[in-house]
file run-v6.txt (compact mmCIF, C-alpha atoms)
# COMPACT_ATOMS: atom_id res chain seq x y z
CA MET A 1 -49.43 -87.33 14.15
CA LYS A 2 -46.32 -89.52 14.25
CA SER A 3 -44.19 -86.49 13.39
CA LYS A 4 -45.70 -84.46 16.26
CA ILE A 5 -45.09 -87.27 18.75
CA LYS A 6 -41.46 -87.47 17.61
CA THR A 7 -41.05 -83.67 17.86
CA TYR A 8 -42.50 -83.33 21.35
CA GLY A 9 -40.79 -86.52 22.50
CA THR A 10 -37.48 -85.01 21.40
CA LEU A 11 -38.35 -81.79 23.22
CA VAL A 12 -39.10 -83.57 26.51
CA LEU A 13 -35.98 -85.75 26.19
CA GLY A 14 -33.91 -82.61 25.57
CA ALA A 15 -35.47 -80.95 28.62
CA LEU A 16 -34.62 -84.07 30.68
CA CYS A 17 -30.96 -83.89 29.60
CA VAL A 18 -30.78 -80.20 30.55
CA ALA A 19 -32.41 -80.92 33.93
CA ILE A 20 -29.94 -83.77 34.65
CA GLY A 21 -26.97 -81.54 33.87
CA LEU A 22 -28.29 -78.76 36.07
CA TYR A 23 -29.56 -80.70 39.06
CA PHE A 24 -26.91 -83.39 39.43
CA PHE A 25 -23.80 -81.50 38.27
CA TRP A 26 -24.02 -77.71 38.13
CA ALA A 27 -26.45 -76.72 40.89
CA PRO A 28 -24.80 -78.71 43.73
CA SER A 29 -21.39 -77.23 42.89
CA GLU A 30 -22.77 -73.68 42.41
CA LEU A 31 -21.70 -73.47 38.75
CA ALA A 32 -23.95 -70.75 37.35
CA ALA A 33 -22.81 -70.90 33.72
CA GLY A 34 -25.20 -68.43 32.12
CA GLY A 35 -28.83 -68.65 31.12
CA VAL A 36 -31.91 -68.77 33.31
CA SER A 37 -30.56 -71.97 34.86
CA GLY A 38 -27.44 -70.11 35.99
CA LEU A 39 -29.53 -67.24 37.32
CA ALA A 40 -31.71 -69.77 39.17
CA ILE A 41 -28.59 -71.25 40.82
CA VAL A 42 -27.66 -67.74 42.02
CA VAL A 43 -31.19 -67.11 43.35
CA LYS A 44 -31.18 -70.56 45.00
CA ALA A 45 -28.08 -69.53 46.98
CA LEU A 46 -29.98 -66.48 48.25
CA LEU A 47 -33.25 -68.40 48.85
CA PRO A 48 -32.09 -71.93 49.82
CA THR A 49 -35.54 -73.11 50.96
CA VAL A 50 -37.17 -72.52 47.56
CA PRO A 51 -36.94 -75.50 45.12
CA ILE A 52 -34.78 -74.69 42.10
CA GLY A 53 -37.48 -75.98 39.74
CA ILE A 54 -39.89 -73.38 41.11
CA ILE A 55 -37.24 -70.65 40.74
CA ILE A 56 -36.67 -71.60 37.08
CA PHE A 57 -40.43 -71.60 36.48
CA ILE A 58 -40.87 -68.10 37.97
CA LEU A 59 -37.87 -66.69 36.07
CA ASP A 60 -38.97 -68.25 32.78
CA MET A 61 -42.56 -67.07 33.10
CA SER A 62 -41.33 -63.56 33.96
CA MET A 63 -39.11 -63.49 30.88
CA PHE A 64 -41.82 -64.89 28.62
CA THR A 65 -44.19 -62.19 29.88
CA ILE A 66 -41.60 -59.45 29.26
CA GLY A 67 -40.86 -60.94 25.84
CA PHE A 68 -44.54 -61.05 24.92
CA ILE A 69 -44.98 -57.38 25.90
CA ILE A 70 -41.86 -56.13 24.10
CA LEU A 71 -41.45 -58.56 21.21
CA GLY A 72 -44.94 -59.87 20.61
CA LYS A 73 -45.42 -63.46 19.42
CA SER A 74 -41.84 -63.96 18.23
CA PHE A 75 -41.30 -67.12 20.21
CA GLY A 76 -43.47 -70.22 20.02
CA ALA A 77 -45.34 -72.71 22.15
CA ARG A 78 -42.51 -75.23 21.87
CA SER A 79 -40.11 -72.93 23.74
CA LEU A 80 -42.71 -72.36 26.45
CA LEU A 81 -43.31 -76.12 26.73
CA CYS A 82 -39.56 -76.76 26.98
CA SER A 83 -39.21 -74.21 29.80
CA LEU A 84 -42.14 -75.76 31.66
CA SER A 85 -40.74 -79.27 31.14
CA ILE A 86 -37.37 -78.33 32.64
CA SER A 87 -39.09 -76.72 35.64
CA VAL A 88 -41.36 -79.73 36.25
CA ILE A 89 -38.56 -82.29 35.83
CA MET A 90 -36.23 -80.42 38.19
CA THR A 91 -39.01 -80.07 40.78
CA LEU A 92 -39.59 -83.84 40.58
CA MET A 93 -35.86 -84.49 40.93
CA GLU A 94 -35.71 -82.28 44.00
CA THR A 95 -38.66 -84.17 45.48
CA ILE A 96 -37.13 -87.60 44.81
CA TRP A 97 -33.50 -86.66 45.60
CA PRO A 98 -33.68 -83.71 48.02
CA ASN A 99 -30.52 -81.80 48.97
CA TRP A 100 -28.40 -83.51 46.31
CA LYS A 101 -24.70 -83.15 47.07
CA PRO A 102 -21.84 -82.86 44.52
CA ILE A 103 -20.79 -86.32 43.33
CA SER A 104 -17.16 -85.17 43.09
CA GLU A 105 -14.93 -82.61 44.76
CA ASP A 106 -13.42 -81.78 41.38
CA SER A 107 -15.32 -78.77 40.00
CA LEU A 108 -13.89 -79.32 36.52
CA ILE A 109 -15.39 -82.83 36.29
CA LEU A 110 -18.78 -81.50 37.39
CA LEU A 111 -18.49 -78.63 34.92
CA LEU A 112 -17.65 -80.89 31.97
CA PHE A 113 -20.30 -83.55 32.61
CA GLY A 114 -22.93 -80.90 33.31
CA ALA A 115 -21.99 -79.10 30.10
CA LEU A 116 -22.23 -82.37 28.16
CA PHE A 117 -25.79 -83.13 29.33
CA ILE A 118 -26.94 -79.53 28.93
CA ALA A 119 -25.38 -79.13 25.47
CA VAL A 120 -26.92 -82.37 24.19
CA GLY A 121 -30.32 -81.38 25.60
CA GLN A 122 -30.26 -77.86 24.20
CA ALA A 123 -29.01 -79.10 20.83
CA MET A 124 -31.97 -81.50 20.62
CA VAL A 125 -34.34 -78.64 21.46
CA PHE A 126 -32.72 -76.19 19.02
CA ASN A 127 -32.82 -78.85 16.31
CA ILE A 128 -36.64 -78.84 16.36
CA ASP A 129 -36.79 -75.02 16.14
CA ALA A 130 -37.46 -74.46 19.83
CA SER A 131 -35.40 -73.10 22.71
CA SER A 132 -35.32 -73.27 26.47
CA GLY A 133 -36.53 -69.65 26.62
CA GLY A 134 -34.97 -67.48 29.29
CA THR A 135 -31.95 -65.52 28.13
CA ASP A 136 -32.85 -66.24 24.49
CA ILE A 137 -35.70 -63.79 25.00
CA ILE A 138 -33.43 -61.23 26.68
CA ALA A 139 -31.01 -61.59 23.77
CA LYS A 140 -33.82 -60.86 21.30
CA ILE A 141 -34.73 -57.74 23.27
CA ILE A 142 -31.08 -56.60 23.19
CA THR A 143 -30.90 -57.08 19.41
CA LYS A 144 -34.12 -55.11 18.97
CA TYR A 145 -32.72 -51.98 20.62
CA THR A 146 -29.00 -52.27 19.76
CA ALA A 147 -26.77 -53.12 16.80
CA PHE A 148 -25.65 -56.43 18.38
CA ASN A 149 -26.35 -59.72 16.58
CA ILE A 150 -28.08 -62.59 18.38
CA GLY A 151 -24.84 -64.43 19.19
CA THR A 152 -23.26 -61.38 20.81
CA ALA A 153 -26.49 -60.58 22.66
CA LEU A 154 -26.64 -64.13 24.08
CA MET A 155 -23.04 -63.85 25.22
CA ILE A 156 -23.80 -60.52 26.94
CA ALA A 157 -26.83 -61.99 28.74
CA ASP A 158 -24.85 -65.05 29.85
CA MET A 159 -21.89 -63.00 31.04
CA VAL A 160 -24.18 -60.84 33.19
CA VAL A 161 -25.27 -64.06 34.92
CA VAL A 162 -21.62 -65.10 35.28
CA LEU A 163 -20.78 -61.74 36.91
CA LEU A 164 -23.66 -62.22 39.36
CA ALA A 165 -22.36 -65.72 40.12
CA THR A 166 -18.87 -64.31 40.71
CA SER A 167 -20.22 -61.76 43.18
CA ILE A 168 -22.10 -64.47 45.13
CA PHE A 169 -19.84 -67.54 44.88
CA GLY A 170 -16.41 -65.96 44.44
CA LEU A 171 -13.90 -65.51 41.64
CA GLU A 172 -12.98 -69.19 41.22
CA LYS A 173 -16.60 -70.30 40.74
CA GLY A 174 -17.13 -67.32 38.43
CA LEU A 175 -14.21 -68.39 36.24
CA TYR A 176 -15.58 -71.93 36.09
CA ALA A 177 -18.98 -70.50 35.12
CA ALA A 178 -17.42 -68.44 32.30
CA LEU A 179 -15.62 -71.56 31.09
CA GLY A 180 -18.92 -73.44 31.23
CA VAL A 181 -20.56 -70.86 28.94
CA LEU A 182 -17.79 -71.26 26.35
CA ILE A 183 -17.75 -75.07 26.53
CA THR A 184 -21.54 -75.40 26.34
CA THR A 185 -21.84 -72.99 23.40
CA ASN A 186 -19.27 -74.91 21.37
CA LEU A 187 -20.67 -78.31 22.35
CA ILE A 188 -24.16 -77.28 21.23
CA ASP A 189 -22.82 -76.33 17.79
CA TYR A 190 -20.91 -79.63 17.59
CA VAL A 191 -23.93 -81.76 18.59
CA ILE A 192 -26.31 -79.95 16.21
CA SER A 193 -23.79 -80.44 13.42
CA GLY A 194 -23.65 -84.16 14.22
CA LEU A 195 -27.45 -84.50 14.35
CA ASN A 196 -27.82 -82.94 10.91
CA ILE A 197 -25.06 -84.77 9.03
CA GLN A 198 -26.15 -85.93 5.58
CA LYS A 199 -24.22 -88.10 3.14
CA TYR A 200 -23.25 -87.12 -0.41
CA VAL A 201 -22.81 -90.38 -2.32
CA ALA A 202 -21.30 -90.83 -5.77
CA ILE A 203 -21.64 -94.30 -7.33
CA ILE A 204 -19.95 -95.58 -10.49
CA PRO A 205 -21.52 -98.97 -11.35
CA SER A 206 -19.44 -101.47 -13.29
CA SER A 207 -21.99 -101.70 -16.12
CA SER A 208 -24.68 -99.47 -17.61
CA ASP A 209 -27.62 -101.79 -16.85
CA LYS A 210 -26.81 -101.70 -13.13
CA VAL A 211 -27.03 -97.89 -13.14
CA ASP A 212 -30.78 -98.15 -13.74
CA LEU A 213 -31.26 -100.72 -10.97
CA ILE A 214 -29.41 -98.60 -8.40
CA ASN A 215 -31.16 -95.43 -9.54
CA GLN A 216 -34.55 -97.15 -9.29
CA TYR A 217 -33.76 -98.21 -5.71
CA ILE A 218 -32.87 -94.63 -4.74
CA LEU A 219 -35.99 -93.15 -6.33
CA GLU A 220 -38.57 -95.77 -5.33
CA HIS A 221 -37.31 -97.33 -2.10
CA LEU A 222 -35.46 -94.44 -0.45
CA GLU A 223 -37.72 -91.87 -2.12
CA ARG A 224 -34.76 -89.56 -2.71
CA GLY A 225 -33.68 -87.67 -5.78
CA ALA A 226 -30.57 -88.51 -7.77
CA THR A 227 -28.45 -87.07 -10.55
CA ILE A 228 -26.86 -89.10 -13.35
CA TYR A 229 -24.03 -87.77 -15.49
CA CYS A 230 -21.30 -89.19 -17.69
CA ALA A 231 -17.63 -89.18 -16.69
CA GLU A 232 -14.54 -90.29 -18.55
CA GLY A 233 -11.80 -92.29 -16.85
CA ALA A 234 -8.46 -90.43 -16.93
CA TYR A 235 -6.47 -93.60 -17.68
CA SER A 236 -8.90 -95.92 -19.47
CA LYS A 237 -10.72 -93.12 -21.39
CA GLU A 238 -13.83 -95.22 -20.80
CA VAL A 239 -17.06 -93.24 -20.37
CA LYS A 240 -19.28 -94.37 -17.50
CA ARG A 241 -22.50 -93.10 -15.95
CA VAL A 242 -22.21 -91.75 -12.39
CA ILE A 243 -25.10 -91.58 -9.91
CA THR A 244 -25.01 -88.93 -7.16
CA THR A 245 -27.49 -88.47 -4.32
CA VAL A 246 -27.78 -86.87 -0.88
CA ILE A 247 -29.26 -89.02 1.89
CA ASP A 248 -29.18 -89.33 5.68
CA ARG A 249 -27.06 -91.80 7.64
CA LYS A 250 -29.76 -94.43 8.01
CA GLU A 251 -30.57 -94.32 4.31
CA PHE A 252 -26.88 -94.58 3.46
CA ILE A 253 -26.58 -97.87 5.34
CA GLU A 254 -29.49 -99.26 3.30
CA LEU A 255 -28.10 -97.90 0.03
CA ARG A 256 -24.60 -99.26 0.60
CA LYS A 257 -25.99 -102.73 1.30
CA GLN A 258 -28.18 -102.63 -1.82
CA VAL A 259 -25.41 -101.30 -4.10
CA LEU A 260 -23.07 -104.11 -3.04
CA LYS A 261 -25.89 -106.60 -3.60
CA ILE A 262 -26.63 -105.28 -7.11
CA ASP A 263 -23.04 -104.63 -8.15
CA SER A 264 -20.15 -105.84 -6.00
CA LEU A 265 -17.70 -104.13 -8.39
CA ALA A 266 -19.30 -100.67 -8.06
CA PHE A 267 -17.02 -97.78 -7.06
CA MET A 268 -18.52 -95.56 -4.36
CA THR A 269 -17.32 -92.34 -2.66
CA VAL A 270 -19.01 -90.79 0.38
CA GLN A 271 -18.73 -87.33 1.95
CA ASN A 272 -20.27 -85.91 5.12
CA LEU A 273 -22.39 -82.78 4.62
CA HIS A 274 -23.17 -80.63 7.66
CA GLU A 275 -25.89 -78.59 5.98
CA VAL A 276 -28.20 -79.29 3.05
CA ILE A 277 -30.85 -76.78 1.98
CA GLY A 278 -33.64 -77.65 -0.42
CA GLU A 279 -36.65 -79.91 -0.93
CA GLY A 280 -36.59 -82.84 1.45
CA PHE A 281 -34.03 -81.14 3.69
CA GLU A 282 -33.78 -77.70 5.34
CA LYS A 283 -35.70 -74.77 3.92
call {"tool": "encode", "arguments": {"input": "run-v6.txt", "output": "structure tokens"}}
result
Amino acid sequence: MKSKIKTYGTLVLGALCVAIGLYFFWAPSELAAGGVSGLAIVVKALLPTVPIGIIIFILDMSMFTIGFIILGKSFGARSLLCSLSISVIMTLMETIWPNWKPISEDSLILLLFGALFIAVGQAMVFNIDASSGGTDIIAKIITKYTAFNIGTALMIADMVVVLLATSIFGLEKGLYAALGVLITTNLIDYVISGLNIQKYVAIIPSSSDKVDLINQYILEHLERGATIYCAEGAYSKEVKRVITTVIDRKEFIELRKQVLKIDSLAFMTVQNLHEVIGEGFEK
């Protein structure tokens, strides 16, 4: 139950970040940087009286319907919930802050801050195996009937939206939109990488009896696995037991504190790992 609350809480928070980036930064400055959100900004320019949240809802539901007909059940309830959350949040924002104007005359500032919020939000959603729907579905349809991979298909779908934006808003806004696609894509990868960082820790205690104490802490308190092997010092020729383990950032803080408490002379090396596959991690 706690896990489900965390998952759906993350999804709604991610949807909120996306909605903030769209409503307060990209939509007022007509930056249609790909995706259903970009397409909604284009449609909003043609139908200014229709709330953008409603436009996103109609576009998303249309694409989910097409996806269901062509692809079947290849996308889950989480993606649908995320799409609905973005639509509802943006409709609420438009009700509370109607006719929101750009907070800056500098399109680049609006582009960058919008991309930051949207990338963080989408990364949070992607990290729980969901998506914001929309062009993800179109990309899956493209991959089904062509030789393109999913990344290329997403780029094609986004660039079609950028071309539409260029035809409506002009070349300068179109170029900003294309830049927004590139920035957001790279930021999403960067944020996901940061969210999933694990720590590889190697510990060389100063004495053999302290190896068992540290190992016991890892196994029983952190509930993580560990490996112990013997290593010989290049200079001293002394053989010592080395403990290695892979843990997350929060667990590392606890482990470091405990190691220093047990053995202030312990030697410890730490490396960041961007992907770990196996029991207790990704599968």
call {"tool": "closest_residue", "arguments": {"input": "run-v6.txt", "among": "A:Val239, A:Ala139, A:Leu39, A:Leu187", "to": "Trp26 of chain A", "atoms": "all atoms listed in the file"}}
result
A:Leu39
call {"tool": "closest_residue", "arguments": {"input": "run-v6.txt", "among": "A:Ile70, A:Ile247, A:Ile277, A:Met61", "to": "Ile141 of chain A", "atoms": "all atoms listed in the file"}}
result
A:Ile70
call {"tool": "atom_distance", "arguments": {"input": "run-v6.txt", "atom1": "atom CA of Trp97 of chain A", "atom2": "atom CA of Phe117 of chain A"}}
result
18.3 Å
call {"tool": "atom_distance", "arguments": {"input": "run-v6.txt", "atom1": "atom CA of Pro48 of chain A", "atom2": "atom CA of Leu84 of chain A"}}
result
21.1 Å
call {"tool": "closest_residue", "arguments": {"input": "run-v6.txt", "among": "A:Gln258, A:Thr227, A:Thr91, A:Thr184", "to": "Thr244 of chain A", "atoms": "all atoms listed in the file"}}
result
A:Thr227
